[in-house]
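What follows is the content of data.tsv, which has TSV, N, CA and C atoms:
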chain	number	residue	atom	x	y	z
O	1	MET	N	0.81	-1.21	0.00
O	1	MET	CA	0.00	0.00	0.00
O	1	MET	C	0.84	1.26	0.00
O	2	PRO	N	1.92	1.35	0.79
O	2	PRO	CA	2.74	2.56	0.76
O	2	PRO	C	3.34	2.83	-0.63
O	3	LEU	N	3.64	1.76	-1.39
O	3	LEU	CA	4.19	1.96	-2.72
O	3	LEU	C	3.15	2.61	-3.64
O	4	ARG	N	1.90	2.17	-3.57
O	4	ARG	CA	0.84	2.79	-4.36
O	4	ARG	C	0.64	4.24	-3.97
O	5	LEU	N	0.65	4.52	-2.70
O	5	LEU	CA	0.50	5.89	-2.22
O	5	LEU	C	1.65	6.75	-2.72
O	6	PHE	N	2.87	6.22	-2.66
O	6	PHE	CA	4.04	6.93	-3.14
O	6	PHE	C	3.93	7.22	-4.64
O	7	CYS	N	3.51	6.22	-5.41
O	7	CYS	CA	3.35	6.40	-6.86
O	7	CYS	C	2.28	7.44	-7.19
O	8	ALA	N	1.18	7.37	-6.48
O	8	ALA	CA	0.10	8.34	-6.71
O	8	ALA	C	0.55	9.75	-6.36
O	9	LEU	N	1.25	9.89	-5.24
O	9	LEU	CA	1.75	11.20	-4.81
O	9	LEU	C	2.78	11.72	-5.81
O	10	SER	N	3.67	10.85	-6.27
O	10	SER	CA	4.69	11.25	-7.24
O	10	SER	C	4.05	11.71	-8.55
O	11	LEU	N	3.07	10.97	-9.01
O	11	LEU	CA	2.38	11.34	-10.25
O	11	LEU	C	1.67	12.68	-10.10
O	12	THR	N	1.02	12.86	-8.96
O	12	THR	CA	0.32	14.12	-8.71
O	12	THR	C	1.29	15.30	-8.70
O	13	LEU	N	2.43	15.13	-8.05
O	13	LEU	CA	3.42	16.21	-8.00
O	13	LEU	C	4.00	16.50	-9.39
O	14	CYS	N	4.20	15.47	-10.19
O	14	CYS	CA	4.74	15.67	-11.54
O	14	CYS	C	3.76	16.44	-12.42
O	15	VAL	N	2.48	16.27	-12.18
O	15	VAL	CA	1.47	16.95	-12.98
O	15	VAL	C	1.20	18.34	-12.43
O	16	VAL	N	1.06	18.47	-11.14
O	16	VAL	CA	0.65	19.74	-10.52
O	16	VAL	C	1.81	20.70	-10.36
O	17	PHE	N	2.98	20.25	-10.00
O	17	PHE	CA	4.10	21.15	-9.71
O	17	PHE	C	4.44	22.08	-10.86
O	18	PRO	N	4.57	21.58	-12.11
O	18	PRO	CA	4.89	22.51	-13.21
O	18	PRO	C	3.84	23.59	-13.40
O	19	LEU	N	2.60	23.33	-13.05
O	19	LEU	CA	1.57	24.34	-13.20
O	19	LEU	C	1.79	25.52	-12.27
O	20	GLY	N	2.48	25.28	-11.17
O	20	GLY	CA	2.71	26.34	-10.19
O	20	GLY	C	3.98	27.11	-10.43
O	21	CYS	N	4.67	26.87	-11.55
O	21	CYS	CA	5.95	27.52	-11.80
O	21	CYS	C	5.81	28.97	-12.24
O	22	GLN	N	4.67	29.37	-12.74
O	22	GLN	CA	4.48	30.77	-13.10
O	22	GLN	C	4.40	31.60	-11.83
O	23	THR	N	4.92	32.80	-11.91
O	23	THR	CA	4.82	33.67	-10.75
O	23	THR	C	3.40	34.22	-10.66
O	24	ALA	N	3.05	34.65	-9.47
O	24	ALA	CA	1.72	35.24	-9.28
O	24	ALA	C	1.55	36.47	-10.16
O	25	ARG	N	2.63	37.21	-10.36
O	25	ARG	CA	2.57	38.42	-11.20
O	25	ARG	C	2.22	38.06	-12.63
O	26	GLU	N	2.84	37.00	-13.18
O	26	GLU	CA	2.56	36.59	-14.55
O	26	GLU	C	1.12	36.13	-14.71
O	27	VAL	N	0.64	35.39	-13.73
O	27	VAL	CA	-0.74	34.90	-13.79
O	27	VAL	C	-1.71	36.08	-13.73
O	28	THR	N	-1.44	37.04	-12.84
O	28	THR	CA	-2.29	38.22	-12.72
O	28	THR	C	-2.26	39.04	-14.01
O	29	GLN	N	-1.07	39.23	-14.58
O	29	GLN	CA	-0.96	40.00	-15.81
O	29	GLN	C	-1.72	39.32	-16.94
O	30	ARG	N	-1.68	37.99	-17.02
O	30	ARG	CA	-2.41	37.28	-18.08
O	30	ARG	C	-3.91	37.45	-17.87
O	31	GLY	N	-4.35	37.37	-16.62
O	31	GLY	CA	-5.77	37.60	-16.33
O	31	GLY	C	-6.18	39.01	-16.70
O	32	ASP	N	-5.31	39.98	-16.37
O	32	ASP	CA	-5.58	41.37	-16.73
O	32	ASP	C	-5.64	41.54	-18.25
O	33	LEU	N	-4.74	40.86	-18.96
O	33	LEU	CA	-4.72	40.95	-20.42
O	33	LEU	C	-6.02	40.39	-20.99
O	34	ASP	N	-6.46	39.24	-20.50
O	34	ASP	CA	-7.70	38.64	-21.00
O	34	ASP	C	-8.89	39.57	-20.79
O	35	VAL	N	-8.97	40.20	-19.63
O	35	VAL	CA	-10.08	41.12	-19.34
O	35	VAL	C	-9.98	42.35	-20.25
O	36	THR	N	-8.79	42.89	-20.41
O	36	THR	CA	-8.60	44.06	-21.26
O	36	THR	C	-8.96	43.76	-22.71
O	37	LEU	N	-8.49	42.62	-23.21
O	37	LEU	CA	-8.82	42.24	-24.59
O	37	LEU	C	-10.32	42.09	-24.77
O	38	SER	N	-10.97	41.49	-23.81
O	38	SER	CA	-12.42	41.31	-23.89
O	38	SER	C	-13.13	42.66	-23.93
O	39	ARG	N	-12.79	43.54	-23.01
O	39	ARG	CA	-13.44	44.86	-22.96
O	39	ARG	C	-13.20	45.64	-24.25
O	40	HIS	N	-11.96	45.65	-24.71
O	40	HIS	CA	-11.60	46.40	-25.91
O	40	HIS	C	-12.39	45.90	-27.12
O	41	HIS	N	-12.40	44.59	-27.32
O	41	HIS	CA	-13.03	44.05	-28.53
O	41	HIS	C	-14.55	44.05	-28.45
O	42	VAL	N	-15.12	43.91	-27.27
O	42	VAL	CA	-16.59	44.03	-27.14
O	42	VAL	C	-17.01	45.47	-27.44
O	43	ASP	N	-16.28	46.43	-26.88
O	43	ASP	CA	-16.61	47.84	-27.17
O	43	ASP	C	-16.46	48.14	-28.66
O	44	LEU	N	-15.40	47.64	-29.27
O	44	LEU	CA	-15.19	47.89	-30.69
O	44	LEU	C	-16.27	47.21	-31.53
O	45	ARG	N	-16.64	46.00	-31.17
O	45	ARG	CA	-17.66	45.26	-31.91
O	45	ARG	C	-18.98	46.01	-31.93
O	46	TRP	N	-19.34	46.65	-30.81
O	46	TRP	CA	-20.61	47.38	-30.72
O	46	TRP	C	-20.50	48.84	-31.14
O	47	GLY	N	-19.34	49.22	-31.70
O	47	GLY	CA	-19.18	50.58	-32.21
O	47	GLY	C	-18.93	51.63	-31.13
O	48	ARG	N	-18.59	51.19	-29.93
O	48	ARG	CA	-18.28	52.13	-28.85
O	48	ARG	C	-16.79	52.47	-28.92
O	49	VAL	N	-16.45	53.20	-29.97
O	49	VAL	CA	-15.05	53.46	-30.29
O	49	VAL	C	-14.32	54.22	-29.18
O	50	PRO	N	-14.87	55.29	-28.62
O	50	PRO	CA	-14.14	55.98	-27.54
O	50	PRO	C	-13.88	55.06	-26.34
O	51	HIS	N	-14.81	54.16	-26.05
O	51	HIS	CA	-14.59	53.23	-24.95
O	51	HIS	C	-13.50	52.22	-25.29
O	52	ALA	N	-13.51	51.72	-26.53
O	52	ALA	CA	-12.47	50.79	-26.97
O	52	ALA	C	-11.11	51.46	-26.96
O	53	ALA	N	-11.07	52.75	-27.25
O	53	ALA	CA	-9.81	53.49	-27.32
O	53	ALA	C	-9.14	53.65	-25.96
O	54	ARG	N	-9.86	53.42	-24.88
O	54	ARG	CA	-9.24	53.52	-23.55
O	54	ARG	C	-8.06	52.57	-23.42
O	55	PHE	N	-8.08	51.50	-24.21
O	55	PHE	CA	-7.04	50.48	-24.12
O	55	PHE	C	-5.99	50.59	-25.23
O	56	VAL	N	-6.04	51.70	-25.98
O	56	VAL	CA	-5.06	51.97	-27.02
O	56	VAL	C	-4.06	52.97	-26.46
O	57	HIS	N	-2.79	52.77	-26.79
O	57	HIS	CA	-1.73	53.65	-26.29
O	57	HIS	C	-2.10	55.11	-26.58
O	58	PRO	N	-1.89	56.01	-25.64
O	58	PRO	CA	-2.29	57.43	-25.81
O	58	PRO	C	-1.77	58.08	-27.09
O	59	ASP	N	-0.58	57.69	-27.54
O	59	ASP	CA	-0.02	58.29	-28.77
O	59	ASP	C	-0.82	57.88	-30.01
O	60	LEU	N	-1.55	56.78	-29.94
O	60	LEU	CA	-2.30	56.27	-31.09
O	60	LEU	C	-3.80	56.49	-30.96
O	61	ARG	N	-4.24	56.92	-29.80
O	61	ARG	CA	-5.67	56.96	-29.46
O	61	ARG	C	-6.48	57.86	-30.39
O	62	ALA	N	-6.05	59.07	-30.66
O	62	ALA	CA	-6.83	60.01	-31.48
O	62	ALA	C	-7.02	59.46	-32.90
O	63	ALA	N	-5.95	58.93	-33.49
O	63	ALA	CA	-6.05	58.36	-34.83
O	63	ALA	C	-6.96	57.13	-34.83
O	64	PHE	N	-6.88	56.32	-33.78
O	64	PHE	CA	-7.73	55.14	-33.66
O	64	PHE	C	-9.21	55.54	-33.67
O	65	ILE	N	-9.56	56.55	-32.87
O	65	ILE	CA	-10.95	57.00	-32.79
O	65	ILE	C	-11.42	57.56	-34.13
O	66	THR	N	-10.63	58.45	-34.72
O	66	THR	CA	-11.00	59.07	-35.99
O	66	THR	C	-11.19	58.03	-37.09
O	67	ASP	N	-10.23	57.14	-37.21
O	67	ASP	CA	-10.28	56.13	-38.27
O	67	ASP	C	-11.46	55.18	-38.10
O	68	TRP	N	-11.69	54.70	-36.87
O	68	TRP	CA	-12.78	53.74	-36.67
O	68	TRP	C	-14.16	54.39	-36.80
O	69	GLU	N	-14.30	55.62	-36.33
O	69	GLU	CA	-15.60	56.28	-36.48
O	69	GLU	C	-15.94	56.49	-37.95
O	70	LYS	N	-14.94	56.81	-38.77
O	70	LYS	CA	-15.18	56.93	-40.22
O	70	LYS	C	-15.52	55.57	-40.81
O	71	ARG	N	-14.81	54.55	-40.40
O	71	ARG	CA	-15.00	53.21	-40.97
O	71	ARG	C	-16.38	52.63	-40.62
O	72	PHE	N	-16.88	52.94	-39.43
O	72	PHE	CA	-18.19	52.43	-39.03
O	72	PHE	C	-19.32	53.01	-39.88
O	73	ALA	N	-19.05	54.04	-40.64
O	73	ALA	CA	-20.04	54.54	-41.60
O	73	ALA	C	-20.19	53.57	-42.78
O	74	ASP	N	-19.16	52.75	-43.01
O	74	ASP	CA	-19.14	51.84	-44.17
O	74	ASP	C	-19.38	50.38	-43.82
O	75	ILE	N	-19.20	50.00	-42.55
O	75	ILE	CA	-19.34	48.59	-42.19
O	75	ILE	C	-20.16	48.41	-40.92
O	76	ASP	N	-20.71	47.21	-40.78
O	76	ASP	CA	-21.33	46.77	-39.53
O	76	ASP	C	-20.55	45.54	-39.08
O	77	VAL	N	-19.97	45.62	-37.91
O	77	VAL	CA	-19.20	44.49	-37.37
O	77	VAL	C	-20.19	43.52	-36.72
O	78	SER	N	-20.12	42.27	-37.12
O	78	SER	CA	-21.01	41.29	-36.52
O	78	SER	C	-20.29	40.37	-35.54
O	79	GLN	N	-18.95	40.28	-35.66
O	79	GLN	CA	-18.22	39.43	-34.73
O	79	GLN	C	-16.77	39.86	-34.66
O	80	LEU	N	-16.23	39.90	-33.46
O	80	LEU	CA	-14.80	40.07	-33.23
O	80	LEU	C	-14.40	38.94	-32.29
O	81	GLU	N	-13.44	38.14	-32.70
O	81	GLU	CA	-13.05	36.99	-31.90
O	81	GLU	C	-11.53	36.97	-31.72
O	82	VAL	N	-11.08	36.92	-30.47
O	82	VAL	CA	-9.66	36.76	-30.20
O	82	VAL	C	-9.35	35.28	-30.43
O	83	MET	N	-8.51	35.04	-31.41
O	83	MET	CA	-8.21	33.66	-31.79
O	83	MET	C	-6.96	33.11	-31.11
O	84	GLN	N	-5.99	33.97	-30.85
O	84	GLN	CA	-4.73	33.51	-30.27
O	84	GLN	C	-4.06	34.64	-29.52
O	85	VAL	N	-3.44	34.31	-28.38
O	85	VAL	CA	-2.67	35.26	-27.60
O	85	VAL	C	-1.31	34.62	-27.32
O	86	MET	N	-0.24	35.29	-27.75
O	86	MET	CA	1.11	34.80	-27.51
O	86	MET	C	1.86	35.86	-26.70
O	87	GLN	N	2.25	35.51	-25.48
O	87	GLN	CA	3.00	36.44	-24.63
O	87	GLN	C	4.49	36.12	-24.66
O	88	ASN	N	5.31	37.16	-24.42
O	88	ASN	CA	6.74	36.91	-24.28
O	88	ASN	C	6.98	36.28	-22.90
O	89	GLU	N	8.21	35.84	-22.66
O	89	GLU	CA	8.50	35.14	-21.40
O	89	GLU	C	8.32	36.03	-20.18
O	90	ALA	N	8.58	37.31	-20.32
O	90	ALA	CA	8.44	38.23	-19.18
O	90	ALA	C	7.00	38.63	-18.93
O	91	ALA	N	6.09	38.22	-19.79
O	91	ALA	CA	4.66	38.55	-19.70
O	91	ALA	C	4.43	40.06	-19.73
O	92	THR	N	5.23	40.75	-20.56
O	92	THR	CA	5.08	42.20	-20.69
O	92	THR	C	4.66	42.62	-22.09
O	93	GLU	N	4.67	41.69	-23.03
O	93	GLU	CA	4.24	41.96	-24.40
O	93	GLU	C	3.41	40.79	-24.89
O	94	ALA	N	2.46	41.08	-25.77
O	94	ALA	CA	1.62	40.02	-26.32
O	94	ALA	C	1.30	40.34	-27.78
O	95	THR	N	1.27	39.29	-28.57
O	95	THR	CA	0.81	39.38	-29.95
O	95	THR	C	-0.54	38.68	-29.98
O	96	VAL	N	-1.55	39.40	-30.47
O	96	VAL	CA	-2.93	38.91	-30.42
O	96	VAL	C	-3.46	38.80	-31.85
O	97	THR	N	-4.02	37.65	-32.17
O	97	THR	CA	-4.64	37.44	-33.48
O	97	THR	C	-6.15	37.54	-33.30
O	98	VAL	N	-6.77	38.39	-34.12
O	98	VAL	CA	-8.20	38.68	-34.01
O	98	VAL	C	-8.88	38.43	-35.35
O	99	LYS	N	-10.02	37.75	-35.30
O	99	LYS	CA	-10.84	37.55	-36.50
O	99	LYS	C	-12.04	38.49	-36.42
O	100	MET	N	-12.29	39.18	-37.52
O	100	MET	CA	-13.44	40.09	-37.57
O	100	MET	C	-14.35	39.68	-38.73
O	101	VAL	N	-15.63	39.57	-38.43
O	101	VAL	CA	-16.65	39.32	-39.44
O	101	VAL	C	-17.48	40.59	-39.52
O	102	PHE	N	-17.68	41.09	-40.74
O	102	PHE	CA	-18.39	42.36	-40.90
O	102	PHE	C	-19.18	42.37	-42.20
O	103	VAL	N	-20.12	43.29	-42.29
O	103	VAL	CA	-20.92	43.49	-43.48
O	103	VAL	C	-20.57	44.84	-44.08
O	104	GLU	N	-20.26	44.84	-45.37
O	104	GLU	CA	-20.06	46.10	-46.08
O	104	GLU	C	-21.44	46.68	-46.35
O	105	LYS	N	-21.71	47.87	-45.87
O	105	LYS	CA	-23.04	48.46	-46.02
O	105	LYS	C	-23.41	48.71	-47.48
O	106	SER	N	-22.45	49.10	-48.29
O	106	SER	CA	-22.77	49.44	-49.68
O	106	SER	C	-23.18	48.23	-50.51
O	107	THR	N	-22.62	47.05	-50.22
O	107	THR	CA	-22.90	45.86	-51.02
O	107	THR	C	-23.69	44.80	-50.24
O	108	GLN	N	-23.80	44.99	-48.93
O	108	GLN	CA	-24.41	43.99	-48.05
O	108	GLN	C	-23.68	42.65	-48.12
O	109	ARG	N	-22.42	42.71	-48.45
O	109	ARG	CA	-21.59	41.51	-48.55
O	109	ARG	C	-20.96	41.20	-47.19
O	110	LEU	N	-21.05	39.95	-46.77
O	110	LEU	CA	-20.43	39.50	-45.52
O	110	LEU	C	-18.98	39.19	-45.79
O	111	ARG	N	-18.09	39.78	-44.98
O	111	ARG	CA	-16.65	39.59	-45.16
O	111	ARG	C	-16.02	39.15	-43.86
O	112	GLU	N	-14.86	38.56	-43.98
O	112	GLU	CA	-14.11	38.09	-42.81
O	112	GLU	C	-12.65	38.47	-43.01
O	113	SER	N	-12.00	38.90	-41.94
O	113	SER	CA	-10.58	39.24	-42.03
O	113	SER	C	-9.90	38.86	-40.72
O	114	VAL	N	-8.60	38.63	-40.80
O	114	VAL	CA	-7.81	38.27	-39.62
O	114	VAL	C	-6.71	39.32	-39.47
O	115	HIS	N	-6.50	39.77	-38.23
O	115	HIS	CA	-5.57	40.86	-37.94
O	115	HIS	C	-4.66	40.50	-36.78
O	116	THR	N	-3.51	41.15	-36.75
O	116	THR	CA	-2.57	40.97	-35.65
O	116	THR	C	-2.42	42.28	-34.90
O	117	GLU	N	-2.55	42.20	-33.59
O	117	GLU	CA	-2.38	43.36	-32.72
O	117	GLU	C	-1.17	43.11	-31.81
O	118	ARG	N	-0.54	44.19	-31.37
O	118	ARG	CA	0.53	44.08	-30.38
O	118	ARG	C	0.11	44.84	-29.13
O	119	TRP	N	0.29	44.21	-27.99
O	119	TRP	CA	-0.06	44.79	-26.70
O	119	TRP	C	1.15	44.79	-25.80
O	120	GLU	N	1.26	45.84	-24.95
O	120	GLU	CA	2.36	45.93	-23.98
O	120	GLU	C	1.79	46.24	-22.61
O	121	TYR	N	2.45	45.70	-21.59
O	121	TYR	CA	2.08	45.95	-20.20
O	121	TYR	C	2.88	47.16	-19.74
O	122	VAL	N	2.21	48.31	-19.61
O	122	VAL	CA	2.88	49.57	-19.29
O	122	VAL	C	2.26	50.15	-18.02
O	123	ASP	N	3.08	50.39	-17.02
O	123	ASP	CA	2.63	51.01	-15.76
O	123	ASP	C	1.40	50.31	-15.18
O	124	GLY	N	1.41	48.99	-15.19
O	124	GLY	CA	0.33	48.23	-14.58
O	124	GLY	C	-0.92	48.09	-15.41
O	125	THR	N	-0.85	48.45	-16.72
O	125	THR	CA	-2.01	48.38	-17.60
O	125	THR	C	-1.60	47.84	-18.97
O	126	TRP	N	-2.45	47.01	-19.55
O	126	TRP	CA	-2.22	46.55	-20.92
O	126	TRP	C	-2.72	47.59	-21.91
O	127	MET	N	-1.88	47.93	-22.88
O	127	MET	CA	-2.22	48.92	-23.91
O	127	MET	C	-1.90	48.35	-25.29
O	128	ALA	N	-2.79	48.61	-26.24
O	128	ALA	CA	-2.52	48.23	-27.62
O	128	ALA	C	-1.51	49.22	-28.19
O	129	VAL	N	-0.39	48.72	-28.67
O	129	VAL	CA	0.61	49.58	-29.30
O	129	VAL	C	0.58	49.42	-30.82
O	130	LYS	N	-0.11	48.40	-31.27
O	130	LYS	CA	-0.45	48.24	-32.70
O	130	LYS	C	-1.85	47.66	-32.70
O	131	ALA	N	-2.82	48.54	-32.79
O	131	ALA	CA	-4.22	48.12	-32.76
O	131	ALA	C	-4.69	47.81	-34.17
O	132	MET	N	-5.77	47.03	-34.25
O	132	MET	CA	-6.40	46.76	-35.53
O	132	MET	C	-7.01	48.08	-36.02
O	133	LEU	N	-6.61	48.51	-37.20
O	133	LEU	CA	-7.11	49.77	-37.75
O	133	LEU	C	-8.00	49.49	-38.95
O	134	PRO	N	-8.89	50.42	-39.28
O	134	PRO	CA	-9.82	50.21	-40.37
O	134	PRO	C	-9.16	49.91	-41.71
O	135	ASP	N	-7.97	50.46	-41.95
O	135	ASP	CA	-7.29	50.20	-43.23
O	135	ASP	C	-6.97	48.72	-43.39
O	136	ASP	N	-6.80	48.02	-42.26
O	136	ASP	CA	-6.52	46.58	-42.30
O	136	ASP	C	-7.76	45.80	-42.74
O	137	VAL	N	-8.92	46.41	-42.65
O	137	VAL	CA	-10.19	45.71	-42.85
O	137	VAL	C	-10.60	45.67	-44.31
O	138	SER	N	-10.14	46.58	-45.12
O	138	SER	CA	-10.58	46.67	-46.51
O	138	SER	C	-10.43	45.37	-47.26

Show how you would write the structure in this file as structure tokens.
Amino acid sequence: MPLRLFCALSLTLCVVFPLGCQTAREVTQRGDLDVTLSRHHVDLRWGRVPHAARFVHPDLRAAFITDWEKRFADIDVSQLEVMQVMQNEAATEATVTVKMVFVEKSTQRLRESVHTERWEYVDGTWMAVKAMLPDDVS
């Protein structure tokens, strides 16, 4: 019986221990990134551009708002889906792949496009430093 207990305990430690190797900071930052990505893309999907821009780096924010508000005159976004998130080892940068499904108002044609965004963890907040812009959508 002690051998079975030892084997079970060893197996459990081999499976569980590697999961605990991330620091609490990295886990928190990933959770923060997931929440930020969700808020940003939900706001953008519903055309709440100024709200979505809260998560865009301040140097890019004005252009982001202007470009998207003009673009929403031409398209209706029906879906924005975060397909992949790849973080660097320090958990301070992320490359995000986003799929957008939209309708061109002029033709009523349903279109789909895939975009890459870059995000950075700056002063305790995730910010898009390369956001999906309307020119990428054409």

Quick one: residues within 8 Å of Ser78 of chain O, all atoms listed in the file counted, chain neighbours fewer than 6 positions away excluded, as a short mmCIF file (atom, residue, chain, number, x, y, z; two decimals) with N, CA and C atoms, in the coordinates of the input?
data_model
loop_
_atom_site.label_atom_id
_atom_site.label_comp_id
_atom_site.auth_asym_id
_atom_site.auth_seq_id
_atom_site.Cartn_x
_atom_site.Cartn_y
_atom_site.Cartn_z
N ARG O 45 -16.64 46.00 -31.17
CA ARG O 45 -17.66 45.26 -31.91
C ARG O 45 -18.98 46.01 -31.93
N TRP O 46 -19.34 46.65 -30.81
CA TRP O 46 -20.61 47.38 -30.72
C TRP O 46 -20.50 48.84 -31.14
N MET O 100 -12.29 39.18 -37.52
CA MET O 100 -13.44 40.09 -37.57
C MET O 100 -14.35 39.68 -38.73
N VAL O 101 -15.63 39.57 -38.43
CA VAL O 101 -16.65 39.32 -39.44
C VAL O 101 -17.48 40.59 -39.52
N PHE O 102 -17.68 41.09 -40.74
CA PHE O 102 -18.39 42.36 -40.90
C PHE O 102 -19.18 42.37 -42.20
N VAL O 103 -20.12 43.29 -42.29
CA VAL O 103 -20.92 43.49 -43.48
C VAL O 103 -20.57 44.84 -44.08
#

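Going from atom CA of Leu60 of chain O over to atom C of Arg109 of chain O, you cover 28.9 Å.
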
Report, in Å to a single decimal, how far apart atom CA of Phe72 of chain O and atom CA of Phe55 of chain O are.
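It comes out at 18.7 Å.
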
Minimum-distance residue to Val129 of chain O, chosen among O:Asp34, O:Glu112, O:Asp43, O:Glu117 (using only C-alpha atoms)
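Of O:Asp34, O:Glu112, O:Asp43, O:Glu117, the one nearest Val129 of chain O, counting only C-alpha atoms, is O:Glu117.
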
For atom CA of Arg39 of chain O and atom CA of Ser106 of chain O, determine how far apart the two atoms are, in Å to one decimal place.
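Taking atom CA of Arg39 of chain O and atom CA of Ser106 of chain O, their separation equals 28.7 Å.
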
Non-local contacts of Gln84 of chain O (7 Å; all atoms listed in the file; under 3 positions in same chain excluded) as a ChimeraX atom specification
/O:81,95-98

Which of segment 31-130 of chain O DSSP labels helix (DSSP H, G or I), written as a PyMOL selection string:
chain O and resi 31-45+49-55+58-71

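For the choices O:Arg71, O:Asp59, O:Ser113, O:Ala131, the atom-to-atom distance to Leu37 of chain O is smallest for O:Ala131 when using only C-alpha atoms.
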
Could you find all residues in segment 69-128 of chain O that DSSP calls strand (DSSP E or B) from the backbone, and write them as a ChimeraX atom specification?
/O:75-87,93-104,109-122,125-128

Considering all atoms listed in the file, return as a PDB file with N, CA and C atoms, in the frame of the given file whatever protein or nucleic-acid residues lie within 6 Å of Glu120 of chain O, sequence-local ones (same chain, fewer than 2 positions apart) excluded.
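Contents of out22.pdb, as written:
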ATOM      1  N   THR O  92       5.230  40.750 -20.560  1.00  0.00           N
ATOM      2  CA  THR O  92       5.080  42.200 -20.690  1.00  0.00           C
ATOM      3  C   THR O  92       4.660  42.620 -22.090  1.00  0.00           C
ATOM      4  N   GLU O  93       4.670  41.690 -23.030  1.00  0.00           N
ATOM      5  CA  GLU O  93       4.240  41.960 -24.400  1.00  0.00           C
ATOM      6  C   GLU O  93       3.410  40.790 -24.890  1.00  0.00           C
ATOM      7  N   ALA O  94       2.460  41.080 -25.770  1.00  0.00           N
ATOM      8  CA  ALA O  94       1.620  40.020 -26.320  1.00  0.00           C
ATOM      9  C   ALA O  94       1.300  40.340 -27.780  1.00  0.00           C
ATOM     10  N   ARG O 118      -0.540  44.190 -31.370  1.00  0.00           N
ATOM     11  CA  ARG O 118       0.530  44.080 -30.380  1.00  0.00           C
ATOM     12  C   ARG O 118       0.110  44.840 -29.130  1.00  0.00           C
ATOM     13  N   VAL O 122       2.210  48.310 -19.610  1.00  0.00           N
ATOM     14  CA  VAL O 122       2.880  49.570 -19.290  1.00  0.00           C
ATOM     15  C   VAL O 122       2.260  50.150 -18.020  1.00  0.00           C
ATOM     16  N   THR O 125      -0.850  48.450 -16.720  1.00  0.00           N
ATOM     17  CA  THR O 125      -2.010  48.380 -17.600  1.00  0.00           C
ATOM     18  C   THR O 125      -1.600  47.840 -18.970  1.00  0.00           C
ATOM     19  N   TRP O 126      -2.450  47.010 -19.550  1.00  0.00           N
ATOM     20  CA  TRP O 126      -2.220  46.550 -20.920  1.00  0.00           C
ATOM     21  C   TRP O 126      -2.720  47.590 -21.910  1.00  0.00           C
ATOM     22  N   MET O 127      -1.880  47.930 -22.880  1.00  0.00           N
ATOM     23  CA  MET O 127      -2.220  48.920 -23.910  1.00  0.00           C
ATOM     24  C   MET O 127      -1.900  48.350 -25.290  1.00  0.00           C
ATOM     25  N   ALA O 128      -2.790  48.610 -26.240  1.00  0.00           N
ATOM     26  CA  ALA O 128      -2.520  48.230 -27.620  1.00  0.00           C
ATOM     27  C   ALA O 128      -1.510  49.220 -28.190  1.00  0.00           C
ATOM     28  N   VAL O 129      -0.390  48.720 -28.670  1.00  0.00           N
ATOM     29  CA  VAL O 129       0.610  49.580 -29.300  1.00  0.00           C
ATOM     30  C   VAL O 129       0.580  49.420 -30.820  1.00  0.00           C
TER      31      VAL O 129
END

Given only C-alpha atoms as the basis, pick out the residue of O:His41, O:Lys99, O:His115, O:His51 nearest to Leu133 of chain O.
O:His115

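Minimum atom-to-atom distance to Val85 of chain O, evaluated using only C-alpha atoms, belongs to O:Leu33 out of O:Leu33, O:Val56, O:Ala73, O:Ile65.
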